[in-house]
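Raw data.pdb, PDB, C-alpha atoms:
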```
ATOM      1  CA  MET E  95     -27.771  98.171-143.232
ATOM      2  CA  ALA E  96     -30.535  99.889-145.073
ATOM      3  CA  ALA E  97     -32.783  96.911-144.392
ATOM      4  CA  SER E  98     -32.310  97.230-140.650
ATOM      5  CA  ASN E  99     -33.321 100.914-140.753
ATOM      6  CA  ASN E 100     -36.631 100.005-142.479
ATOM      7  CA  ALA E 101     -37.369  97.237-139.961
ATOM      8  CA  ALA E 102     -37.725  99.744-137.148
ATOM      9  CA  GLY E 103     -41.105 100.941-138.522
ATOM     10  CA  VAL E 104     -42.605  97.443-139.031
ATOM     11  CA  ASP E 105     -45.133  96.061-136.527
ATOM     12  CA  ASN E 106     -43.670  92.678-135.620
ATOM     13  CA  THR E 107     -45.442  92.126-132.246
ATOM     14  CA  PHE E 108     -48.140  89.916-133.779
ATOM     15  CA  ARG E 109     -50.652  91.060-131.198
ATOM     16  CA  ARG E 110     -54.295  90.942-132.014
ATOM     17  CA  LYS E 111     -55.859  94.358-132.335
ATOM     18  CA  PHE E 112     -59.433  94.944-131.096
ATOM     19  CA  ASP E 113     -61.858  97.553-132.298
ATOM     20  CA  ARG E 114     -63.168  98.993-129.030
ATOM     21  CA  GLU E 115     -66.268 100.579-130.571
ATOM     22  CA  GLU E 116     -67.366  97.281-132.162
ATOM     23  CA  TYR E 117     -67.041  95.343-128.884
ATOM     24  CA  LEU E 118     -68.793  98.071-126.884
ATOM     25  CA  GLU E 119     -71.713  97.825-129.313
ATOM     26  CA  ARG E 120     -71.790  94.015-128.922
ATOM     27  CA  ALA E 121     -71.829  94.320-125.121
ATOM     28  CA  ARG E 122     -74.712  96.810-125.228
ATOM     29  CA  GLU E 123     -76.687  94.500-127.550
ATOM     30  CA  ARG E 124     -76.125  91.512-125.234
ATOM     31  CA  GLU E 125     -77.280  93.528-122.201
ATOM     32  CA  ARG E 126     -80.436  94.583-124.085
ATOM     33  CA  GLN E 127     -81.239  90.957-124.940
ATOM     34  CA  GLU E 128     -80.672  89.794-121.361
ATOM     35  CA  SER E 129     -82.933  92.501-119.933
ATOM     36  CA  GLU E 130     -85.646  91.603-122.489
ATOM     37  CA  SER E 131     -85.432  87.900-121.604
ATOM     38  CA  ARG E 132     -85.628  88.737-117.871
ATOM     39  CA  SER E 133     -88.716  90.870-118.376
ATOM     40  CA  LYS E 134     -90.342  88.117-120.474
ATOM     41  CA  SER E 135     -89.684  85.435-117.839
ATOM     42  CA  LYS E 136     -91.134  87.641-115.102
ATOM     43  CA  SER E 137     -94.245  88.427-117.112
ATOM     44  CA  LYS E 138     -95.265  84.760-117.588
ATOM     45  CA  GLY E 139     -98.124  85.162-115.165
ATOM     46  CA  PRO E 140     -98.943  85.907-111.579
ATOM     47  CA  PRO E 141     -96.797  84.125-108.989
ATOM     48  CA  VAL E 142     -98.147  80.790-107.822
ATOM     49  CA  GLN E 143     -99.878  81.003-104.470
ATOM     50  CA  ARG E 144     -99.438  77.717-102.636
ATOM     51  CA  LYS E 145    -101.452  76.620 -99.633
ATOM     52  CA  PRO E 146     -99.646  76.588 -96.306
ATOM     53  CA  LEU E 147     -98.406  73.275 -94.957
ATOM     54  CA  LYS E 148    -101.133  71.246 -93.253
ATOM     55  CA  HIS E 149    -101.324  68.221 -90.987
ATOM     56  CA  ARG E 150    -101.372  64.821 -92.725
ATOM     57  CA  ASP E 151    -104.884  63.353 -92.476
ATOM     58  CA  TYR E 152    -103.942  59.774 -93.399
ATOM     59  CA  GLU E 153    -101.792  57.104 -91.805
ATOM     60  CA  VAL E 154     -98.447  56.420 -93.485
ATOM     61  CA  ASP E 155     -98.260  52.689 -94.197
ATOM     62  CA  LEU E 156     -94.707  51.530 -93.480
ATOM     63  CA  GLU E 157     -95.374  48.084 -92.039
ATOM     64  CA  SER E 158     -97.722  46.347 -94.503
ATOM     65  CA  ARG E 159     -94.854  44.902 -96.568
ATOM     66  CA  LEU E 160     -92.581  44.230 -93.601
ATOM     67  CA  GLY E 161     -91.047  40.739 -93.643
ATOM     68  CA  LYS E 162     -92.503  39.833 -97.036
ATOM     69  CA  THR E 163     -90.505  38.676-100.019
ATOM     70  CA  GLN E 164     -91.086  39.972-103.507
ATOM     71  CA  VAL E 165     -89.761  38.994-106.911
ATOM     72  CA  VAL E 166     -88.273  42.051-108.608
ATOM     73  CA  THR E 167     -87.999  42.161-112.378
ATOM     74  CA  PRO E 168     -86.473  44.942-114.460
ATOM     75  CA  VAL E 169     -89.614  45.245-116.605
ATOM     76  CA  ALA E 170     -92.044  45.668-113.688
ATOM     77  CA  PRO E 171     -93.794  49.033-113.395
ATOM     78  CA  LEU E 172     -92.504  51.423-110.734
ATOM     79  CA  SER E 173     -95.428  50.746-108.399
ATOM     80  CA  GLN E 174     -94.518  47.035-108.219
ATOM     81  CA  GLN E 175     -90.783  47.388-107.724
ATOM     82  CA  ALA E 176     -88.982  46.876-104.434
ATOM     83  CA  GLY E 177     -89.249  49.784-102.020
ATOM     84  CA  TYR E 178     -91.840  52.436-101.300
ATOM     85  CA  TYR E 179     -93.663  53.987-104.270
ATOM     86  CA  CYS E 180     -94.789  57.619-104.225
ATOM     87  CA  SER E 181     -97.729  58.016-106.616
ATOM     88  CA  VAL E 182     -97.571  61.833-106.460
ATOM     89  CA  CYS E 183     -93.940  62.123-107.575
ATOM     90  CA  GLU E 184     -93.906  58.759-109.420
ATOM     91  CA  CYS E 185     -90.688  57.574-107.801
ATOM     92  CA  VAL E 186     -89.513  54.584-105.770
ATOM     93  CA  VAL E 187     -87.639  55.052-102.494
ATOM     94  CA  LYS E 188     -85.677  52.094-101.172
ATOM     95  CA  ASP E 189     -86.284  52.243 -97.400
ATOM     96  CA  SER E 190     -88.756  53.628 -94.868
ATOM     97  CA  ALA E 191     -86.492  56.358 -93.478
ATOM     98  CA  ASN E 192     -85.870  57.823 -96.941
ATOM     99  CA  TYR E 193     -89.583  57.463 -97.764
ATOM    100  CA  LEU E 194     -90.513  59.543 -94.710
ATOM    101  CA  ASP E 195     -87.881  62.129 -95.668
ATOM    102  CA  HIS E 196     -89.348  62.220 -99.183
ATOM    103  CA  ILE E 197     -92.998  62.693 -98.189
ATOM    104  CA  ASN E 198     -92.008  65.398 -95.691
ATOM    105  CA  GLY E 199     -89.691  67.105 -98.184
ATOM    106  CA  LYS E 200     -90.062  70.215-100.307
ATOM    107  CA  LYS E 201     -90.384  68.472-103.686
ATOM    108  CA  HIS E 202     -93.269  66.239-102.565
ATOM    109  CA  GLN E 203     -95.085  69.055-100.754
ATOM    110  CA  ARG E 204     -94.820  71.298-103.813
ATOM    111  CA  ALA E 205     -96.251  68.505-105.968
ATOM    112  CA  LEU E 206     -99.205  68.422-103.561
ATOM    113  CA  GLY E 207     -99.614  72.200-103.987
ATOM    114  CA  MET E 208     -98.307  73.263-100.594
ATOM    115  CA  SER E 209     -95.510  75.587 -99.618
ATOM    116  CA  MET E 210     -93.177  74.742 -96.742
ATOM    117  CA  ARG E 211     -94.596  77.594 -94.667
ATOM    118  CA  VAL E 212     -96.874  76.804 -91.752
ATOM    119  CA  GLU E 213    -100.011  78.793 -91.112
ATOM    120  CA  ARG E 214     -99.901  80.617 -87.781
ATOM    121  CA  ALA E 215    -102.500  79.332 -85.366
ATOM    122  CA  SER E 216    -104.612  81.727 -83.364
ATOM    123  CA  LEU E 217    -105.126  81.456 -79.628
ATOM    124  CA  LYS E 218    -108.658  80.160 -80.161
ATOM    125  CA  GLN E 219    -107.448  77.362 -82.459
ATOM    126  CA  VAL E 220    -104.841  76.269 -79.890
ATOM    127  CA  GLN E 221    -107.449  76.209 -77.119
ATOM    128  CA  GLU E 222    -109.841  74.169 -79.276
ATOM    129  CA  ARG E 223    -107.056  71.704 -80.022
ATOM    130  CA  PHE E 224    -106.290  71.293 -76.318
ATOM    131  CA  GLU E 225    -109.980  70.666 -75.586
ATOM    132  CA  LEU E 226    -110.131  68.042 -78.337
ATOM    133  CA  LEU E 227    -107.072  66.248 -76.951
ATOM    134  CA  LYS E 228    -108.488  66.352 -73.403
ATOM    135  CA  LYS E 229    -111.725  64.735 -74.593
ATOM    136  CA  ARG E 230    -109.837  62.058 -76.508
ATOM    137  CA  LYS E 231    -107.784  61.088 -73.463
ATOM    138  CA  GLU E 232    -109.851  59.376 -70.795
ATOM    139  CA  PRO E 233    -109.186  60.708 -67.285
ATOM    140  CA  GLY E 234    -107.351  58.236 -65.074
ATOM    141  CA  SER E 235    -106.872  55.766 -67.905
ATOM    142  CA  PHE E 236    -103.280  55.036 -66.936
ATOM    143  CA  THR E 237    -101.879  54.328 -63.500
ATOM    144  CA  GLU E 238     -98.747  52.787 -62.036
ATOM    145  CA  GLN E 239    -100.748  49.710 -61.129
ATOM    146  CA  ASP E 240    -101.663  49.235 -64.810
ATOM    147  CA  LEU E 241     -97.990  49.499 -65.710
ATOM    148  CA  ASP E 242     -97.020  46.868 -63.096
ATOM    149  CA  GLU E 243     -99.741  44.526 -64.334
ATOM    150  CA  ARG E 244     -98.610  44.928 -67.936
ATOM    151  CA  ILE E 245     -94.977  44.209 -66.984
ATOM    152  CA  LEU E 246     -95.977  41.076 -65.021
ATOM    153  CA  LYS E 247     -98.169  39.868 -67.875
ATOM    154  CA  GLN E 248     -95.341  40.400 -70.353
ATOM    155  CA  GLN E 249     -92.901  38.483 -68.131
ATOM    156  CA  GLU E 250     -95.363  35.577 -67.802
ATOM    157  CA  GLU E 251     -95.820  35.466 -71.577
ATOM    158  CA  GLU E 252     -92.040  35.447 -72.061
ATOM    159  CA  GLU E 253     -91.647  32.569 -69.547
ATOM    160  CA  GLU E 254     -94.413  30.626 -71.317
ATOM    161  CA  ARG E 255     -92.670  31.097 -74.674
ATOM    162  CA  LYS E 256     -89.370  29.884 -73.192
ATOM    163  CA  ARG E 257     -91.086  26.826 -71.665
ATOM    164  CA  GLN E 258     -92.734  25.960 -74.997
ATOM    165  CA  ARG E 259     -89.390  26.387 -76.764
ATOM    166  CA  ARG E 260     -87.721  23.978 -74.281
ATOM    167  CA  GLU E 261     -90.501  21.402 -74.774
ATOM    168  CA  ARG E 262     -90.128  21.624 -78.557
ATOM    169  CA  LYS E 263     -86.378  21.059 -78.240
ATOM    170  CA  LYS E 264     -86.968  17.980 -76.025
ATOM    171  CA  GLU E 265     -89.469  16.571 -78.533
ATOM    172  CA  LYS E 266     -87.020  17.113 -81.394
ATOM    173  CA  LYS E 267     -84.272  15.335 -79.451
ATOM    174  CA  LYS E 268     -86.590  12.380 -78.761
ATOM    175  CA  GLU E 269     -87.596  12.199 -82.445
ATOM    176  CA  LYS E 270     -83.961  12.388 -83.529
ATOM    177  CA  ALA E 271     -82.970   9.647 -81.049
ATOM    178  CA  ALA E 272     -85.844   7.460 -82.256
ATOM    179  CA  GLU E 273     -84.763   7.949 -85.873
ATOM    180  CA  GLU E 274     -81.135   7.100 -85.101
ATOM    181  CA  GLU E 275     -82.007   3.858 -83.237
ATOM    182  CA  PRO E 276     -81.784   1.014 -85.712
ATOM    183  CA  GLU E 277     -84.862  -1.147 -85.870
ATOM    184  CA  ILE E 278     -84.003  -4.637 -84.599
ATOM    185  CA  ASP E 279     -86.186  -7.677 -84.929
ATOM    186  CA  PRO E 280     -87.509  -8.514 -81.418
ATOM    187  CA  ASP E 281     -86.587 -12.209 -81.764
ATOM    188  CA  VAL E 282     -82.995 -11.339 -82.720
ATOM    189  CA  ALA E 283     -82.767  -8.786 -79.903
ATOM    190  CA  GLU E 284     -83.944 -11.419 -77.399
ATOM    191  CA  MET E 285     -81.365 -13.955 -78.619
ATOM    192  CA  MET E 286     -78.616 -11.343 -78.284
ATOM    193  CA  GLY E 287     -79.759 -10.388 -74.804
ATOM    194  CA  PHE E 288     -81.211  -6.968 -75.636
ATOM    195  CA  GLY E 289     -84.658  -7.950 -74.486
ATOM    196  CA  GLY E 290     -84.227  -6.336 -71.097
ATOM    197  CA  PHE E 291     -84.648  -7.790 -67.672
ATOM    198  CA  ARG E 292     -88.101  -9.179 -67.343
ATOM    199  CA  THR E 293     -89.436 -10.792 -64.286
ATOM    200  CA  SER E 294     -91.453 -13.884 -64.890
ATOM    201  CA  LYS E 295     -94.913 -14.027 -63.429
ATOM    202  CA  LYS E 296     -95.561 -16.857 -60.966
TER
END
```
What does the file become when written as structure tokens?
Amino acid sequence: MAASNNAAGVDNTFRRKFDREEYLERARERERQESESRSKSKSKGPPVQRKPLKHRDYEVDLESRLGKTQVVTPVAPLSQQAGYYCSVCECVVKDSANYLDHINGKKHQRALGMSMRVERASLKQVQERFELLKKRKEPGSFTEQDLDERILKQQEEEEERKRQRRERKKEKKKEKAAEEEPEIDPDVAEMMGFGGFRTSKK
């Protein structure tokens, strides 16, 4: 019984005890280091000023490799692999839609040194642009009559293509029939009665 009386004063909870002052000091030290690292990262240099987004001054070539076959090897450089190669970002994009998305995207524009912001145009710039477009477009260059003529011409070309296709099919059939006909000696054909009906000249 004496043993049970002594057990009442023993700490048998096995809980871990923390020194609050020590952990408060650690937290303060960590906060100091984080604030120092933030101030260092901000003081790397002045912020980068990028040019505003501008109009593309070159034609995007999407059709030069259309319908062509290409041998693809795993050791070929990126510029010779299948797909569209971006020399700025040094990457290959598999199809034209993704290539257009890439060259119009943020990553590519930043690599070119441009931000995604567009410079606001003044009234004078807009008026000059309208004048330029008016000069480029010839007055009266397009009429309904032109449209009708183009449609008729296109229909005639389509009919001509169909006619040529039919003639080619007829020629192929004739060639095939000629190939399938067995070659018979004319003397043997005449003896067998395959010579045809000839009228004798009097």
Atom CA of E:Ser209 and atom CA of E:Gln143, how far apart in Å?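 About the pair atom CA of E:Gln143 and atom CA of E:Ser209: they are 8.5 Å apart.
Atom CA of E:Gly177 lies 9.2 Å from atom CA of E:Arg159.
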What separates atom CA of E:Lys145 and atom CA of E:Ile197 is a distance of 16.4 Å
Shell of 10 Å around E:Asp189, all atoms listed in the file, local chain residues under 5 positions omitted, as JSON, numbers by chain: {"E": [156, 176, 177, 178, 194]}
Result set of the PyMOL selection byres ((chain E and resi 166) around 6) on the coordinates above, as a list in words: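 The output of the PyMOL selection byres ((chain E and resi 166) around 6) on this file is Val165, Thr167 and Gln175 of chain E.
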Just want the 8 Å neighbourhood of E:Arg211, counted on all atoms listed in the file, with same-chain residues fewer than 2 positions away dropped. Output as a ChimeraX atom specification. /E:146-147,209,213
Pick the closest to E:Lys148 from E:Met208, E:Ala283, E:Leu118, E:Cys183: which is it, counting only C-alpha atoms?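 Closest to E:Lys148, using only C-alpha atoms: E:Met208.
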